[in-house]
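Shown here: query24.cif, mmCIF, C-alpha atoms and all ligand atoms.
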```
data_entry
loop_
_atom_site.label_atom_id
_atom_site.label_comp_id
_atom_site.auth_asym_id
_atom_site.auth_seq_id
_atom_site.Cartn_x
_atom_site.Cartn_y
_atom_site.Cartn_z
CA MET A 11 -19.21 21.16 -6.86
CA SER A 12 -18.70 18.36 -4.36
CA CYS A 13 -15.57 16.23 -4.18
CA ILE A 14 -15.95 12.78 -5.78
CA PHE A 15 -13.87 11.28 -2.94
CA CYS A 16 -14.92 12.90 0.35
CA GLY A 17 -18.03 14.87 -0.65
CA SER A 18 -16.62 18.20 0.52
CA PRO A 19 -18.31 21.13 -1.31
CA ASP A 20 -15.06 22.92 -2.26
CA ALA A 21 -14.04 20.67 -5.18
CA THR A 22 -12.18 22.55 -7.90
CA GLU A 23 -9.55 20.13 -9.25
CA LYS A 24 -10.33 18.05 -12.30
CA ILE A 25 -9.27 14.43 -11.75
CA VAL A 26 -7.75 12.21 -14.42
CA PHE A 27 -7.33 8.59 -13.28
CA LYS A 28 -4.38 6.38 -14.13
CA ASP A 29 -5.03 2.92 -15.58
CA THR A 30 -3.99 1.39 -12.25
CA PHE A 31 -6.91 2.99 -10.40
CA THR A 32 -9.62 0.40 -9.69
CA ALA A 33 -11.60 1.84 -6.77
CA TYR A 34 -14.36 3.48 -8.83
CA GLN A 35 -17.02 1.86 -6.66
CA PHE A 36 -16.09 4.25 -3.83
CA LEU A 37 -16.52 7.44 -5.86
CA GLN A 38 -19.41 9.85 -5.85
CA ALA A 39 -20.79 11.34 -9.06
CA GLY A 40 -18.79 14.00 -10.89
CA ASN A 41 -15.19 14.57 -11.93
CA LEU A 42 -13.87 17.16 -9.49
CA ALA A 43 -11.97 16.73 -6.22
CA CYS A 44 -11.01 18.99 -3.34
CA GLY A 45 -7.32 19.89 -3.05
CA ARG A 46 -6.79 17.49 -0.12
CA CYS A 47 -8.17 14.45 -1.94
CA ALA A 48 -6.45 15.37 -5.20
CA SER A 49 -3.09 15.30 -3.41
CA MET A 50 -3.98 12.03 -1.64
CA LEU A 51 -4.75 10.38 -4.96
CA GLY A 52 -1.38 11.45 -6.36
CA ASP A 53 0.81 10.61 -3.37
CA ALA A 54 1.54 6.92 -2.65
CA LYS A 55 2.19 7.58 1.04
CA TYR A 56 -1.58 7.61 1.56
CA ARG A 57 -1.84 4.05 0.23
CA ARG A 58 1.36 2.60 1.63
CA ASN A 59 1.12 3.69 5.25
CA CYS A 60 -1.17 3.60 8.22
CA TRP A 61 -1.88 7.21 9.11
CA PHE A 62 -4.12 9.72 10.78
CA MET A 63 -4.92 13.28 9.80
CA LYS A 64 -6.27 15.91 12.11
CA GLY A 65 -6.83 19.32 10.54
CA THR A 66 -3.69 19.88 8.52
CA GLU A 67 -1.53 17.54 10.63
CA TRP A 68 -0.66 14.22 8.95
CA ARG A 69 1.23 11.50 10.75
CA LYS A 70 2.30 7.98 9.84
CA ILE A 71 1.31 5.33 12.39
CA ASP A 72 3.85 2.57 13.06
CA ASP A 73 2.29 1.11 16.20
CA VAL A 74 -1.33 0.59 15.13
CA LEU A 75 -2.52 -1.15 18.29
CA GLY A 76 -0.80 1.44 20.48
CA PHE A 77 -2.51 4.20 18.50
CA LEU A 78 -5.96 2.58 18.83
CA ALA A 79 -5.43 2.14 22.56
CA ASN A 80 -4.63 5.84 23.02
CA MET A 81 -6.26 7.96 20.30
CA PRO A 82 -6.14 11.77 20.01
CA GLU A 83 -9.23 13.94 20.38
CA PRO A 84 -11.60 13.58 17.40
CA PRO A 85 -12.47 14.58 14.77
CA PHE A 86 -9.74 13.00 12.66
CA VAL A 87 -9.34 10.73 9.64
CA LEU A 88 -7.78 7.32 10.27
CA TYR A 89 -6.56 4.88 7.63
CA LEU A 90 -5.05 1.47 8.37
CA THR A 91 -3.53 -0.89 5.85
CA LEU A 92 -2.04 -4.36 5.93
CA GLN A 93 -1.69 -4.71 2.15
CA LYS A 94 -0.23 -1.23 1.45
CA ARG A 95 -1.55 -0.89 -2.07
CA LYS A 96 -5.34 -0.36 -1.95
CA HIS A 97 -7.32 2.86 -2.23
CA GLY A 98 -9.12 2.45 1.11
CA TRP A 99 -8.09 6.02 2.03
CA ILE A 100 -11.19 7.07 0.06
CA LEU A 101 -13.39 5.18 2.54
CA ALA A 102 -11.39 6.70 5.38
CA VAL A 103 -12.06 10.30 4.28
CA GLN A 104 -15.73 9.38 3.84
CA ASN A 105 -15.88 8.03 7.43
CA PRO A 106 -14.05 10.46 9.71
CA VAL A 107 -13.70 9.47 13.37
CA LEU A 108 -16.11 11.60 15.41
CA SER A 109 -16.04 9.55 18.63
CA VAL A 110 -13.16 7.36 19.74
CA ASN A 111 -15.58 5.03 21.57
CA ARG A 112 -17.45 3.85 18.48
CA PHE A 113 -16.61 4.50 14.87
CA VAL A 114 -16.12 2.94 11.46
CA LEU A 115 -12.53 1.72 11.24
CA VAL A 116 -11.19 1.52 7.69
CA VAL A 117 -8.59 -1.20 7.05
CA ASP A 118 -7.54 -1.45 3.38
CA GLU A 119 -10.93 -1.50 1.64
CA SER A 120 -12.85 -3.00 4.57
CA LYS A 121 -14.99 -1.19 7.12
CA ILE A 122 -15.03 -2.60 10.65
CA PHE A 123 -17.16 -1.39 13.51
CA PHE A 124 -14.78 -0.27 16.27
CA ASP A 125 -16.02 -0.39 19.85
CA ARG A 126 -13.42 0.81 22.32
CA GLN A 127 -14.46 -1.38 25.23
CA ARG A 128 -14.46 -4.50 23.09
CA PHE A 129 -11.09 -3.54 21.61
CA THR A 130 -9.61 -3.09 25.10
CA GLU A 131 -10.83 -6.58 26.07
CA HIS A 132 -9.37 -7.98 22.85
CA LEU A 133 -5.99 -6.36 23.56
CA THR A 134 -5.79 -7.80 27.07
CA PHE A 135 -6.59 -11.29 25.79
CA LEU A 136 -4.19 -10.88 22.87
CA GLU A 137 -1.33 -9.91 25.18
CA SER A 138 -1.89 -12.95 27.38
CA LEU A 139 -1.76 -15.21 24.30
CA TRP A 140 1.25 -13.34 22.92
CA LEU A 141 3.21 -13.90 26.15
CA ARG A 142 2.56 -17.62 25.80
CA LYS A 143 3.86 -17.45 22.18
CA VAL A 144 0.55 -18.63 20.74
CA PRO A 145 0.86 -18.50 16.91
CA LYS A 146 -1.38 -16.33 14.74
CA GLY A 147 -3.22 -19.32 13.25
CA VAL A 148 -4.23 -20.54 16.71
CA MET A 149 -5.36 -17.04 17.77
CA SER A 150 -7.71 -16.82 14.80
CA GLY A 151 -8.51 -20.52 14.33
CA GLY A 152 -11.47 -21.10 16.63
CA TYR A 153 -11.80 -23.78 19.33
CA PRO A 154 -8.31 -25.27 19.81
CA SER A 155 -7.52 -28.97 19.46
CA ALA A 156 -6.68 -31.13 22.47
CA GLY A 157 -3.00 -30.97 21.50
CA LEU A 158 -3.03 -27.16 21.41
CA ILE A 159 -4.91 -27.00 24.71
CA ARG A 160 -2.14 -29.06 26.34
CA LYS A 161 0.66 -27.17 24.63
CA PHE A 162 -0.53 -23.66 25.56
CA GLY A 163 -2.42 -24.46 28.76
CA PHE A 164 -5.74 -22.98 27.56
CA ASN A 165 -8.54 -23.16 30.10
CA ARG A 166 -12.14 -23.81 29.12
CA LEU A 167 -13.13 -20.12 29.07
CA GLU A 168 -10.19 -19.29 26.81
CA CYS A 169 -11.16 -22.09 24.43
CA GLN A 170 -14.75 -20.82 24.25
CA ARG A 171 -13.50 -17.31 23.72
CA LEU A 172 -11.26 -18.40 20.84
CA GLU A 173 -14.24 -20.17 19.30
CA ARG A 174 -16.37 -17.01 19.48
CA LEU A 175 -13.59 -14.73 18.23
CA GLN A 176 -12.93 -16.61 14.99
CA SER A 177 -15.84 -14.67 13.44
CA ASP A 178 -15.10 -11.34 15.15
CA ARG A 179 -13.61 -8.99 12.54
CA LEU A 180 -12.20 -6.55 15.06
CA TRP A 181 -10.36 -9.41 16.79
CA LEU A 182 -9.03 -10.77 13.50
CA PHE A 183 -7.66 -7.37 12.49
CA THR A 184 -6.16 -6.88 15.95
CA VAL A 185 -4.38 -10.23 15.60
CA ALA A 186 -3.25 -9.37 12.06
CA PHE A 187 -1.71 -6.05 13.12
CA LYS A 188 0.03 -7.66 16.09
CA HIS A 189 1.69 -10.15 13.73
CA ASN A 190 2.28 -7.86 10.76
CA PRO A 191 6.02 -8.03 10.00
CA LYS A 192 5.82 -5.03 7.65
CA LEU A 193 5.01 -2.79 10.60
CA GLU A 194 8.20 -3.97 12.28
CA GLU A 195 10.19 -3.00 9.20
CA ASN A 196 8.64 0.47 9.25
CA LYS A 197 10.01 1.11 12.72
CA ASN A 198 13.56 0.88 11.37
CA GLU A 199 13.11 3.23 8.42
ZN ZN B 201 -12.17 15.57 -0.98
#
```

Turn the structure described in the file into structure tokens.
Ligand SMILES: [Zn+2]
Amino acid sequence: MSCIFCGSPDATEKIVFKDTFTAYQFLQAGNLACGRCASMLGDAKYRRNCWFMKGTEWRKIDDVLGFLANMPEPPFVLYLTLQKRKHGWILAVQNPVLSVNRFVLVVDESKIFFDRQRFTEHLTFLESLWLRKVPKGVMSGGYPSAGLIRKFGFNRLECQRLERLQSDRLWLFTVAFKHNPKLEENKNE
């Protein structure tokens, strides 16, 4: 039988859901799971952390942007979370990373198309804004006002870029992870 989470053909464990489980829309037909997914369902670390899994190796990711800038050899499973409570890991095991240049990036219960070249350009721009202490709302807010242009010294190209990026999901998630205070807490655990 195939696993209701990842589709793997070696499903043998019968799954009983708790009342708190709400991600039924991600499941495939049946009631059996493979051993890997059964343990992921039961262990909160798969919901509460950003992580990657390659073969049997599992590792928590504290520096998400650093990881994305320098990924290990695929294939691997990658799960990112800002909210730390969703069941997006199910989407992650359904969308393993097969090429680090282009893949489906799972963040909470969203899927974002990841293109490495675009991400690298985003990171460079993000760092230049970060050094000027540009707040998150300005980074994701579209074409800046005249007051913000004066305050941060944006040139015309930067203003146009900010306008374009307000609807770019990869940019918005990059900005969110750069500003995520929970990731800072994790570093001190
Ligand atoms: Zn599975």

At most 9 Å from ligand ZN 201 (chain B) (only C-alpha atoms and all ligand atoms): residue list as a ChimeraX atom specification: /A:12-21,42-48,50,100,103-104

Distance of atom CA of Val148 of chain A from atom CA of Leu172 of chain A, expressed in Å to one decimal place: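 Here the two named atoms are 8.4 Å from each other.
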
For atom CA of Pro85 of chain A and atom CA of His97 of chain A, the interatomic separation in Å (one decimal):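 Separating atom CA of Pro85 of chain A from atom CA of His97 of chain A is a distance of 21.3 Å.
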
For atom CA of Lys161 of chain A and atom CA of Val144 of chain A, the interatomic separation in Å (one decimal):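 Going from atom CA of Lys161 of chain A over to atom CA of Val144 of chain A covers 9.4 Å.
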
Selected residue, from A:Leu78, A:Cys60, A:Leu92, A:Leu182, that lies nearest to Phe113 of chain A when counting only C-alpha atoms: A:Leu78

Pick from A:Tyr34, A:Glu131, A:Lys188, A:Gly40, whichever lies nearest to Thr22 of chain A using all atoms listed in the file: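 For Thr22 of chain A, the nearest of the candidates is A:Gly40.
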
Counting all atoms listed in the file, the option among A:Arg58, A:Lys121, A:Arg126, A:Arg166 closest to Arg179 of chain A: A:Lys121

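Comparing the minimum interatomic distances between Arg95 of chain A and each of A:Cys169, A:Ala33, A:Leu141, A:Met11, counting all atoms listed in the file, we find that A:Ala33 sits nearest.
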
Neighbour list for segment 174-176 of chain A as a ChimeraX atom specification, cut-off 8 Å, all atoms listed in the file, skip fewer than 2 positions in-chain: /A:150-152,170-172,178,181-182

Write the selection just made, keeping C-alpha atoms, as a JSON list (two decimals), in the coordinates of the input?
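For reference, part.json as written:
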```
[["chain", "number", "residue", "atom", "x", "y", "z"],
["A", 150, "SER", "CA", -7.71, -16.82, 14.80],
["A", 151, "GLY", "CA", -8.51, -20.52, 14.33],
["A", 152, "GLY", "CA", -11.47, -21.10, 16.63],
["A", 170, "GLN", "CA", -14.75, -20.82, 24.25],
["A", 171, "ARG", "CA", -13.50, -17.31, 23.72],
["A", 172, "LEU", "CA", -11.26, -18.40, 20.84],
["A", 178, "ASP", "CA", -15.10, -11.34, 15.15],
["A", 181, "TRP", "CA", -10.36, -9.41, 16.79],
["A", 182, "LEU", "CA", -9.03, -10.77, 13.50]]
```

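If you measure from each of A:Val26, A:Val114, A:Ala102, A:Leu133 to Arg57 of chain A using all atoms listed in the file, the closest one turns out to be A:Ala102.
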
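With distances restricted to all atoms listed in the file, A:Ala79 is the closest residue to Asp125 of chain A from A:Val87, A:Ala79, A:His189, A:Arg160.
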